[in-house]
file my_file_37.cif (mmCIF, N, CA and C atoms)
data_entry
#
loop_
_atom_site.label_atom_id
_atom_site.label_comp_id
_atom_site.auth_asym_id
_atom_site.auth_seq_id
_atom_site.Cartn_x
_atom_site.Cartn_y
_atom_site.Cartn_z
N MET N 5 6.88 -35.51 -0.60
CA MET N 5 6.87 -35.39 0.85
C MET N 5 6.66 -33.93 1.26
N LYS N 6 7.34 -33.02 0.52
CA LYS N 6 7.22 -31.61 0.85
C LYS N 6 5.81 -31.09 0.58
N LEU N 7 5.14 -31.64 -0.45
CA LEU N 7 3.77 -31.23 -0.75
C LEU N 7 2.82 -31.61 0.38
N ILE N 8 2.98 -32.81 0.90
CA ILE N 8 2.13 -33.27 2.00
C ILE N 8 2.36 -32.40 3.24
N LEU N 9 3.61 -32.06 3.49
CA LEU N 9 3.92 -31.22 4.63
C LEU N 9 3.34 -29.81 4.47
N ARG N 10 3.37 -29.28 3.25
CA ARG N 10 2.79 -27.96 2.99
C ARG N 10 1.27 -28.00 3.16
N ILE N 11 0.63 -29.06 2.73
CA ILE N 11 -0.82 -29.18 2.91
C ILE N 11 -1.17 -29.28 4.40
N LEU N 12 -0.37 -30.04 5.14
CA LEU N 12 -0.62 -30.15 6.58
C LEU N 12 -0.41 -28.81 7.29
N LEU N 13 0.61 -28.06 6.87
CA LEU N 13 0.83 -26.74 7.46
C LEU N 13 -0.30 -25.78 7.10
N SER N 14 -0.81 -25.89 5.89
CA SER N 14 -1.96 -25.07 5.51
C SER N 14 -3.18 -25.44 6.34
N ALA N 15 -3.36 -26.71 6.61
CA ALA N 15 -4.48 -27.15 7.45
C ALA N 15 -4.33 -26.62 8.87
N VAL N 16 -3.11 -26.61 9.38
CA VAL N 16 -2.87 -26.04 10.71
C VAL N 16 -3.21 -24.55 10.70
N ALA N 17 -2.83 -23.85 9.63
CA ALA N 17 -3.15 -22.42 9.52
C ALA N 17 -4.66 -22.20 9.48
N VAL N 18 -5.37 -23.05 8.77
CA VAL N 18 -6.84 -22.93 8.69
C VAL N 18 -7.45 -23.15 10.07
N VAL N 19 -6.96 -24.13 10.81
CA VAL N 19 -7.49 -24.39 12.16
C VAL N 19 -7.20 -23.21 13.09
N ILE N 20 -5.99 -22.67 13.02
CA ILE N 20 -5.64 -21.53 13.87
C ILE N 20 -6.54 -20.34 13.57
N LEU N 21 -6.73 -20.07 12.28
CA LEU N 21 -7.56 -18.92 11.90
C LEU N 21 -9.03 -19.14 12.24
N SER N 22 -9.48 -20.38 12.20
CA SER N 22 -10.87 -20.63 12.59
C SER N 22 -11.08 -20.42 14.08
N LYS N 23 -10.03 -20.60 14.87
CA LYS N 23 -10.13 -20.33 16.31
C LYS N 23 -10.07 -18.84 16.60
N VAL N 24 -9.33 -18.08 15.76
CA VAL N 24 -9.12 -16.66 16.01
C VAL N 24 -10.26 -15.81 15.45
N LEU N 25 -10.69 -16.11 14.24
CA LEU N 25 -11.72 -15.29 13.58
C LEU N 25 -13.12 -15.78 13.96
N PRO N 26 -14.00 -14.86 14.34
CA PRO N 26 -15.32 -15.28 14.83
C PRO N 26 -16.26 -15.81 13.75
N ASN N 27 -16.14 -15.35 12.52
CA ASN N 27 -17.09 -15.77 11.47
C ASN N 27 -16.51 -16.82 10.54
N VAL N 28 -15.48 -17.50 10.98
CA VAL N 28 -14.89 -18.60 10.21
C VAL N 28 -14.90 -19.82 11.12
N SER N 29 -15.41 -20.94 10.59
CA SER N 29 -15.44 -22.14 11.42
C SER N 29 -15.06 -23.37 10.60
N VAL N 30 -14.38 -24.28 11.27
CA VAL N 30 -14.00 -25.57 10.70
C VAL N 30 -14.42 -26.63 11.71
N ASP N 31 -15.11 -27.66 11.23
CA ASP N 31 -15.65 -28.68 12.13
C ASP N 31 -14.58 -29.55 12.76
N SER N 32 -13.62 -30.02 11.95
CA SER N 32 -12.63 -30.96 12.47
C SER N 32 -11.30 -30.76 11.76
N TYR N 33 -10.32 -31.49 12.23
CA TYR N 33 -8.99 -31.42 11.60
C TYR N 33 -9.02 -32.05 10.21
N THR N 34 -9.84 -33.07 10.04
CA THR N 34 -9.97 -33.68 8.71
C THR N 34 -10.57 -32.68 7.73
N THR N 35 -11.54 -31.92 8.19
CA THR N 35 -12.13 -30.88 7.34
C THR N 35 -11.09 -29.83 6.99
N ALA N 36 -10.21 -29.50 7.93
CA ALA N 36 -9.16 -28.52 7.67
C ALA N 36 -8.19 -29.03 6.60
N ILE N 37 -7.89 -30.31 6.62
CA ILE N 37 -7.02 -30.88 5.59
C ILE N 37 -7.71 -30.84 4.24
N ILE N 38 -9.02 -31.14 4.23
CA ILE N 38 -9.78 -31.07 2.98
C ILE N 38 -9.83 -29.63 2.48
N VAL N 39 -9.99 -28.67 3.39
CA VAL N 39 -10.00 -27.25 3.01
C VAL N 39 -8.67 -26.86 2.38
N ALA N 40 -7.57 -27.33 2.97
CA ALA N 40 -6.25 -27.00 2.43
C ALA N 40 -6.08 -27.58 1.02
N ILE N 41 -6.56 -28.80 0.82
CA ILE N 41 -6.45 -29.43 -0.52
C ILE N 41 -7.33 -28.70 -1.52
N VAL N 42 -8.57 -28.40 -1.13
CA VAL N 42 -9.50 -27.73 -2.05
C VAL N 42 -9.01 -26.31 -2.37
N LEU N 43 -8.50 -25.60 -1.38
CA LEU N 43 -7.96 -24.26 -1.65
C LEU N 43 -6.78 -24.31 -2.60
N SER N 44 -5.91 -25.30 -2.43
CA SER N 44 -4.78 -25.39 -3.35
C SER N 44 -5.23 -25.74 -4.76
N LEU N 45 -6.23 -26.61 -4.88
CA LEU N 45 -6.76 -26.93 -6.21
C LEU N 45 -7.46 -25.74 -6.85
N LEU N 46 -8.24 -25.01 -6.07
CA LEU N 46 -8.92 -23.82 -6.60
C LEU N 46 -7.91 -22.74 -7.00
N ASN N 47 -6.87 -22.59 -6.19
CA ASN N 47 -5.83 -21.63 -6.54
C ASN N 47 -5.08 -22.04 -7.80
N PHE N 48 -4.98 -23.33 -8.04
CA PHE N 48 -4.28 -23.82 -9.22
C PHE N 48 -5.13 -23.76 -10.47
N ILE N 49 -6.43 -24.03 -10.34
CA ILE N 49 -7.30 -24.14 -11.52
C ILE N 49 -8.12 -22.88 -11.76
N VAL N 50 -8.85 -22.41 -10.75
CA VAL N 50 -9.83 -21.34 -10.94
C VAL N 50 -9.19 -19.95 -10.87
N LYS N 51 -8.23 -19.76 -9.97
CA LYS N 51 -7.67 -18.43 -9.77
C LYS N 51 -7.04 -17.83 -11.03
N PRO N 52 -6.26 -18.58 -11.82
CA PRO N 52 -5.71 -17.96 -13.04
C PRO N 52 -6.79 -17.50 -14.01
N ILE N 53 -7.89 -18.23 -14.08
CA ILE N 53 -9.00 -17.83 -14.96
C ILE N 53 -9.62 -16.53 -14.45
N LEU N 54 -9.85 -16.45 -13.13
CA LEU N 54 -10.42 -15.23 -12.56
C LEU N 54 -9.49 -14.05 -12.71
N VAL N 55 -8.19 -14.27 -12.57
CA VAL N 55 -7.23 -13.18 -12.70
C VAL N 55 -7.23 -12.64 -14.13
N ILE N 56 -7.29 -13.53 -15.10
CA ILE N 56 -7.31 -13.08 -16.50
C ILE N 56 -8.62 -12.35 -16.80
N LEU N 57 -9.75 -12.87 -16.31
CA LEU N 57 -11.03 -12.23 -16.58
C LEU N 57 -11.16 -10.86 -15.91
N THR N 58 -10.51 -10.68 -14.77
CA THR N 58 -10.63 -9.42 -14.03
C THR N 58 -9.40 -8.55 -14.19
N LEU N 59 -8.59 -8.79 -15.20
CA LEU N 59 -7.35 -8.05 -15.39
C LEU N 59 -7.57 -6.54 -15.53
N PRO N 60 -8.56 -6.07 -16.31
CA PRO N 60 -8.72 -4.62 -16.41
C PRO N 60 -9.03 -3.94 -15.07
N ILE N 61 -9.93 -4.51 -14.28
CA ILE N 61 -10.25 -3.90 -12.99
C ILE N 61 -9.08 -4.05 -12.01
N THR N 62 -8.30 -5.11 -12.15
CA THR N 62 -7.13 -5.29 -11.30
C THR N 62 -6.09 -4.21 -11.61
N ILE N 63 -5.93 -3.89 -12.88
CA ILE N 63 -4.98 -2.84 -13.26
C ILE N 63 -5.46 -1.48 -12.76
N VAL N 64 -6.75 -1.20 -12.89
CA VAL N 64 -7.30 0.08 -12.44
C VAL N 64 -7.15 0.24 -10.93
N THR N 65 -7.34 -0.84 -10.19
CA THR N 65 -7.24 -0.76 -8.73
C THR N 65 -5.83 -1.04 -8.22
N LEU N 66 -4.87 -1.09 -9.14
CA LEU N 66 -3.46 -1.32 -8.80
C LEU N 66 -3.25 -2.63 -8.03
N GLY N 67 -4.00 -3.62 -8.39
CA GLY N 67 -3.83 -4.96 -7.83
C GLY N 67 -4.66 -5.26 -6.61
N LEU N 68 -5.36 -4.28 -6.07
CA LEU N 68 -6.15 -4.52 -4.86
C LEU N 68 -7.35 -5.42 -5.12
N PHE N 69 -7.80 -5.50 -6.37
CA PHE N 69 -8.92 -6.37 -6.67
C PHE N 69 -8.56 -7.85 -6.50
N LEU N 70 -7.27 -8.16 -6.47
CA LEU N 70 -6.85 -9.55 -6.23
C LEU N 70 -7.29 -10.02 -4.85
N LEU N 71 -7.47 -9.09 -3.91
CA LEU N 71 -8.02 -9.47 -2.60
C LEU N 71 -9.44 -10.00 -2.75
N VAL N 72 -10.21 -9.39 -3.63
CA VAL N 72 -11.57 -9.86 -3.89
C VAL N 72 -11.54 -11.21 -4.59
N VAL N 73 -10.59 -11.41 -5.50
CA VAL N 73 -10.45 -12.70 -6.18
C VAL N 73 -10.12 -13.79 -5.16
N ASN N 74 -9.22 -13.49 -4.22
CA ASN N 74 -8.90 -14.46 -3.17
C ASN N 74 -10.12 -14.75 -2.29
N ALA N 75 -10.91 -13.72 -2.02
CA ALA N 75 -12.13 -13.91 -1.22
C ALA N 75 -13.12 -14.80 -1.97
N ILE N 76 -13.21 -14.63 -3.28
CA ILE N 76 -14.10 -15.48 -4.09
C ILE N 76 -13.66 -16.94 -4.02
N ILE N 77 -12.35 -17.16 -4.08
CA ILE N 77 -11.82 -18.53 -3.99
C ILE N 77 -12.18 -19.14 -2.63
N ILE N 78 -12.05 -18.36 -1.57
CA ILE N 78 -12.36 -18.88 -0.24
C ILE N 78 -13.85 -19.13 -0.07
N LEU N 79 -14.67 -18.25 -0.62
CA LEU N 79 -16.12 -18.47 -0.55
C LEU N 79 -16.54 -19.68 -1.38
N LEU N 80 -15.86 -19.91 -2.51
CA LEU N 80 -16.12 -21.13 -3.29
C LEU N 80 -15.79 -22.37 -2.47
N ALA N 81 -14.66 -22.35 -1.80
CA ALA N 81 -14.28 -23.49 -0.95
C ALA N 81 -15.29 -23.67 0.17
N SER N 82 -15.78 -22.56 0.70
CA SER N 82 -16.79 -22.64 1.76
C SER N 82 -18.09 -23.27 1.26
N ASN N 83 -18.42 -23.01 -0.01
CA ASN N 83 -19.62 -23.62 -0.58
C ASN N 83 -19.43 -25.10 -0.90
N PHE N 84 -18.23 -25.49 -1.27
CA PHE N 84 -17.95 -26.89 -1.63
C PHE N 84 -17.85 -27.80 -0.42
N ILE N 85 -17.33 -27.29 0.68
CA ILE N 85 -17.03 -28.13 1.85
C ILE N 85 -18.07 -27.84 2.93
N SER N 86 -18.74 -28.89 3.38
CA SER N 86 -19.85 -28.70 4.31
C SER N 86 -19.39 -28.30 5.72
N GLY N 87 -18.23 -28.71 6.16
CA GLY N 87 -17.79 -28.40 7.52
C GLY N 87 -17.01 -27.11 7.65
N PHE N 88 -16.87 -26.37 6.55
CA PHE N 88 -16.09 -25.12 6.53
C PHE N 88 -17.02 -23.98 6.14
N THR N 89 -17.14 -22.99 7.03
CA THR N 89 -18.01 -21.85 6.72
C THR N 89 -17.27 -20.54 6.93
N VAL N 90 -17.51 -19.63 6.01
CA VAL N 90 -17.02 -18.26 6.12
C VAL N 90 -18.23 -17.37 5.88
N ASN N 91 -18.55 -16.53 6.84
CA ASN N 91 -19.75 -15.69 6.76
C ASN N 91 -19.38 -14.31 6.24
N GLY N 92 -19.55 -14.10 4.93
CA GLY N 92 -19.37 -12.77 4.36
C GLY N 92 -18.08 -12.59 3.61
N VAL N 93 -18.13 -11.63 2.70
CA VAL N 93 -16.98 -11.34 1.85
C VAL N 93 -15.86 -10.69 2.66
N LEU N 94 -16.22 -9.81 3.60
CA LEU N 94 -15.21 -9.15 4.41
C LEU N 94 -14.41 -10.16 5.23
N TRP N 95 -15.09 -11.13 5.80
CA TRP N 95 -14.39 -12.16 6.57
C TRP N 95 -13.56 -13.05 5.66
N ALA N 96 -14.00 -13.25 4.43
CA ALA N 96 -13.21 -14.02 3.48
C ALA N 96 -11.93 -13.27 3.11
N ILE N 97 -12.01 -11.95 2.96
CA ILE N 97 -10.82 -11.16 2.67
C ILE N 97 -9.85 -11.19 3.85
N ILE N 98 -10.38 -11.02 5.05
CA ILE N 98 -9.54 -11.07 6.25
C ILE N 98 -8.90 -12.46 6.40
N PHE N 99 -9.71 -13.50 6.19
CA PHE N 99 -9.20 -14.87 6.26
C PHE N 99 -8.10 -15.08 5.23
N SER N 100 -8.30 -14.56 4.03
CA SER N 100 -7.32 -14.71 2.95
C SER N 100 -6.00 -14.03 3.31
N LEU N 101 -6.09 -12.81 3.82
CA LEU N 101 -4.87 -12.08 4.19
C LEU N 101 -4.12 -12.78 5.31
N LEU N 102 -4.85 -13.18 6.34
CA LEU N 102 -4.20 -13.83 7.48
C LEU N 102 -3.69 -15.23 7.11
N LEU N 103 -4.40 -15.92 6.23
CA LEU N 103 -3.94 -17.24 5.78
C LEU N 103 -2.64 -17.12 5.02
N SER N 104 -2.53 -16.13 4.13
CA SER N 104 -1.28 -15.97 3.39
C SER N 104 -0.13 -15.62 4.32
N LEU N 105 -0.40 -14.75 5.30
CA LEU N 105 0.64 -14.37 6.26
C LEU N 105 1.09 -15.58 7.08
N LEU N 106 0.13 -16.32 7.59
CA LEU N 106 0.44 -17.48 8.42
C LEU N 106 1.13 -18.58 7.62
N GLN N 107 0.70 -18.79 6.37
CA GLN N 107 1.35 -19.79 5.53
C GLN N 107 2.79 -19.40 5.22
N SER N 108 3.03 -18.13 4.97
CA SER N 108 4.40 -17.72 4.67
C SER N 108 5.31 -17.91 5.89
N ILE N 109 4.77 -17.67 7.08
CA ILE N 109 5.55 -17.91 8.29
C ILE N 109 5.81 -19.40 8.48
N LEU N 110 4.78 -20.22 8.30
CA LEU N 110 4.95 -21.67 8.49
C LEU N 110 5.82 -22.29 7.40
N TYR N 111 5.68 -21.81 6.16
CA TYR N 111 6.49 -22.36 5.07
C TYR N 111 7.96 -21.97 5.22
N SER N 112 8.22 -20.84 5.87
CA SER N 112 9.62 -20.46 6.07
C SER N 112 10.32 -21.44 7.01
N LEU N 113 9.55 -22.14 7.83
CA LEU N 113 10.13 -23.16 8.69
C LEU N 113 10.58 -24.38 7.88
N LEU N 114 9.99 -24.57 6.69
CA LEU N 114 10.35 -25.71 5.84
C LEU N 114 11.64 -25.52 5.07
N LYS N 115 12.00 -24.26 4.85
CA LYS N 115 13.18 -24.01 4.03
C LYS N 115 14.43 -24.53 4.73
N GLU N 116 15.24 -25.16 3.93
CA GLU N 116 16.47 -25.72 4.48
C GLU N 116 17.61 -24.75 4.23
N ASP N 117 18.45 -24.59 5.23
CA ASP N 117 19.64 -23.73 5.08
C ASP N 117 20.68 -24.49 4.27
N LYS N 118 21.13 -23.86 3.18
CA LYS N 118 22.15 -24.47 2.34
C LYS N 118 23.46 -23.74 2.57
N LYS N 119 24.21 -24.22 3.52
CA LYS N 119 25.49 -23.59 3.86
C LYS N 119 26.64 -24.47 3.43
#

call {"tool": "encode", "arguments": {"input": "my_file_37.cif", "output": "C-alpha coordinates"}}
result
Amino acid sequence: MKLILRILLSAVAVVILSKVLPNVSVDSYTTAIIVAIVLSLLNFIVKPILVILTLPITIVTLGLFLLVVNAIIILLASNFISGFTVNGVLWAIIFSLLLSLLQSILYSLLKEDKK
(Lines of atoms letter the chains of each structure in order from A and count residues from 1; the text may use other names and numbers.)
(Lines give C-alpha, C1' and ligand atoms only; values in the text may rest on other atoms or scores of the structure.)
Protein backbone atom coordinates (compact mmCIF):
# COMPACT_ATOMS: atom_id res chain seq x y z
CA MET A 1 0.00 0.00 0.00
CA LYS A 2 2.84 2.36 0.88
CA LEU A 3 4.53 1.67 -2.48
CA ILE A 4 1.40 2.63 -4.40
CA LEU A 5 1.08 5.80 -2.35
CA ARG A 6 4.73 6.70 -3.01
CA ILE A 7 4.26 6.17 -6.76
CA LEU A 8 1.15 8.36 -6.72
CA LEU A 9 3.02 11.08 -4.80
CA SER A 10 5.85 10.87 -7.33
CA ALA A 11 3.30 11.26 -10.12
CA VAL A 12 1.89 14.33 -8.39
CA ALA A 13 5.43 15.74 -8.16
CA VAL A 14 5.98 15.09 -11.88
CA VAL A 15 2.73 16.88 -12.74
CA ILE A 16 3.60 19.86 -10.52
CA LEU A 17 7.06 20.16 -12.05
CA SER A 18 5.69 19.88 -15.57
CA LYS A 19 3.45 22.87 -14.81
CA VAL A 20 6.33 24.88 -13.30
CA LEU A 21 9.21 24.10 -15.67
CA PRO A 22 8.82 25.37 -19.24
CA ASN A 23 10.79 22.64 -21.04
CA VAL A 24 9.20 19.69 -19.25
CA SER A 25 5.79 18.41 -20.29
CA VAL A 26 3.48 15.57 -19.34
CA ASP A 27 0.39 14.84 -21.43
CA SER A 28 -1.90 13.40 -18.76
CA TYR A 29 -2.10 12.13 -15.21
CA THR A 30 -1.86 8.56 -16.48
CA THR A 31 1.38 9.46 -18.21
CA ALA A 32 2.64 10.96 -14.95
CA ILE A 33 1.93 7.68 -13.15
CA ILE A 34 3.77 5.79 -15.89
CA VAL A 35 6.68 8.25 -15.58
CA ALA A 36 6.82 7.64 -11.82
CA ILE A 37 6.88 3.86 -12.35
CA VAL A 38 9.49 4.01 -15.11
CA LEU A 39 11.71 6.39 -13.12
CA SER A 40 11.58 4.10 -10.11
CA LEU A 41 12.46 1.09 -12.27
CA LEU A 42 15.31 2.94 -13.97
CA ASN A 43 16.60 4.12 -10.61
CA PHE A 44 16.47 0.54 -9.36
CA ILE A 45 18.04 -1.18 -12.38
CA VAL A 46 20.07 1.25 -14.50
CA LYS A 47 21.30 3.82 -11.96
CA PRO A 48 23.53 1.43 -9.94
CA ILE A 49 25.22 0.32 -13.16
CA LEU A 50 25.83 3.93 -14.23
CA VAL A 51 27.13 4.85 -10.78
CA ILE A 52 29.63 2.00 -10.83
CA LEU A 53 30.75 2.80 -14.39
CA THR A 54 31.21 6.50 -13.61
CA LEU A 55 32.76 6.05 -10.16
CA PRO A 56 36.18 7.55 -11.04
CA ILE A 57 34.70 10.77 -12.47
CA THR A 58 32.22 10.92 -9.58
CA ILE A 59 35.10 10.79 -7.10
CA VAL A 60 37.06 13.46 -9.00
CA THR A 61 34.03 15.78 -9.08
CA LEU A 62 33.23 15.05 -5.41
CA GLY A 63 29.89 13.52 -6.29
CA LEU A 64 28.58 16.27 -8.54
CA PHE A 65 28.63 13.95 -11.54
CA LEU A 66 25.71 12.10 -9.94
CA LEU A 67 23.58 15.04 -11.10
CA VAL A 68 24.50 14.10 -14.66
CA VAL A 69 23.68 10.44 -13.94
CA ASN A 70 20.24 11.51 -12.67
CA ALA A 71 19.77 13.63 -15.80
CA ILE A 72 20.63 10.60 -17.96
CA ILE A 73 17.99 8.55 -16.12
CA ILE A 74 15.38 11.26 -16.72
CA LEU A 75 16.32 11.60 -20.39
CA LEU A 76 16.04 7.81 -20.75
CA ALA A 77 12.55 7.95 -19.27
CA SER A 78 11.74 10.79 -21.65
CA ASN A 79 12.81 8.61 -24.58
CA PHE A 80 10.81 5.58 -23.37
CA ILE A 81 7.54 7.40 -22.66
CA SER A 82 5.84 9.17 -25.54
CA GLY A 83 3.79 11.65 -23.48
CA PHE A 84 6.72 12.83 -21.34
CA THR A 85 9.30 15.21 -22.78
CA VAL A 86 12.31 16.93 -21.29
CA ASN A 87 14.16 19.29 -23.64
CA GLY A 88 17.87 19.26 -22.84
CA VAL A 89 20.30 18.04 -20.26
CA LEU A 90 20.14 21.24 -18.22
CA TRP A 91 16.37 20.93 -17.84
CA ALA A 92 16.80 17.27 -16.91
CA ILE A 93 19.23 18.26 -14.14
CA ILE A 94 16.87 20.96 -12.88
CA PHE A 95 13.93 18.53 -13.07
CA SER A 96 15.95 15.92 -11.17
CA LEU A 97 16.90 18.34 -8.39
CA LEU A 98 13.39 19.70 -7.99
CA LEU A 99 11.85 16.21 -8.20
CA SER A 100 14.05 14.95 -5.37
CA LEU A 101 13.22 18.00 -3.26
CA LEU A 102 9.49 17.72 -3.90
CA GLN A 103 9.49 13.95 -3.31
CA SER A 104 11.27 14.35 0.00
CA ILE A 105 8.68 16.92 1.09
CA LEU A 106 5.76 14.73 -0.03
CA TYR A 107 7.25 11.54 1.42
CA SER A 108 7.71 13.25 4.78
CA LEU A 109 3.92 13.50 4.89
CA LEU A 110 3.78 9.68 4.77
CA LYS A 111 5.92 9.12 7.82
CA GLU A 112 3.97 8.10 10.83
CA ASP A 113 4.74 9.55 14.25
CA LYS A 114 5.65 6.76 16.65
CA LYS A 115 4.98 8.21 20.07

call {"tool": "resolve_selection", "arguments": {"input": "my_file_37.cif", "expression": "the PyMOL selection byres ((chain N and resi 21-34) around 6.5)", "output": "list in words"}}
result
Val16, Ala17, Val18, Val19, Ile20, Thr35, Ala36, Ile37, Ile38, Val39, Gly87, Phe88, Thr89, Val90, Asn91 and Trp95 of chain N

call {"tool": "residues_around", "arguments": {"input": "my_file_37.cif", "residues": "N:Lys51", "least_positions_apart": "4", "cutoff": "8 Å", "atoms": "only N, CA and C atoms", "output": "JSON, numbers by chain"}}
result
{"N": [45, 46, 47, 55, 56, 57, 73, 74, 77]}

call {"tool": "closest_residue", "arguments": {"input": "my_file_37.cif", "among": "N:Ala15, N:Ala81, N:Pro52, N:Ala75", "to": "N:Leu101", "atoms": "only N, CA and C atoms"}}
result
N:Ala75

call {"tool": "atom_distance", "arguments": {"input": "my_file_37.cif", "atom1": "atom N of N:Leu66", "atom2": "atom N of N:Leu43"}}
result
26.0 Å

call {"tool": "closest_residue", "arguments": {"input": "my_file_37.cif", "among": "N:Ile97, N:Leu13, N:Phe84, N:Pro60", "to": "N:Val72", "atoms": "all atoms listed in the file"}}
result
N:Ile97

call {"tool": "select_by_dssp", "arguments": {"input": "my_file_37.cif", "residues": "chain N", "states": "strand (DSSP E or B)", "output": "list of chain:residue names"}}
result
N:Val28, N:Ser29, N:Val30, N:Phe88, N:Thr89, N:Val90

call {"tool": "select_by_dssp", "arguments": {"input": "my_file_37.cif", "residues": "stretch 23-57 of chain N", "states": "alpha helix (DSSP H)", "output": "VMD selection string"}}
result
chain N and resid 23 to 24 33 to 57

call {"tool": "atom_distance", "arguments": {"input": "my_file_37.cif", "atom1": "atom C of N:Thr58", "atom2": "atom N of N:Ile85"}}
result
25.2 Å

call {"tool": "closest_residue", "arguments": {"input": "my_file_37.cif", "among": "N:Asn83, N:Gln107, N:Leu54, N:Phe99", "to": "N:Phe69", "atoms": "only C-alpha atoms"}}
result
N:Leu54

call {"tool": "atom_distance", "arguments": {"input": "my_file_37.cif", "atom1": "atom CA of N:Val50", "atom2": "atom CA of N:Leu113"}}
result
28.1 Å
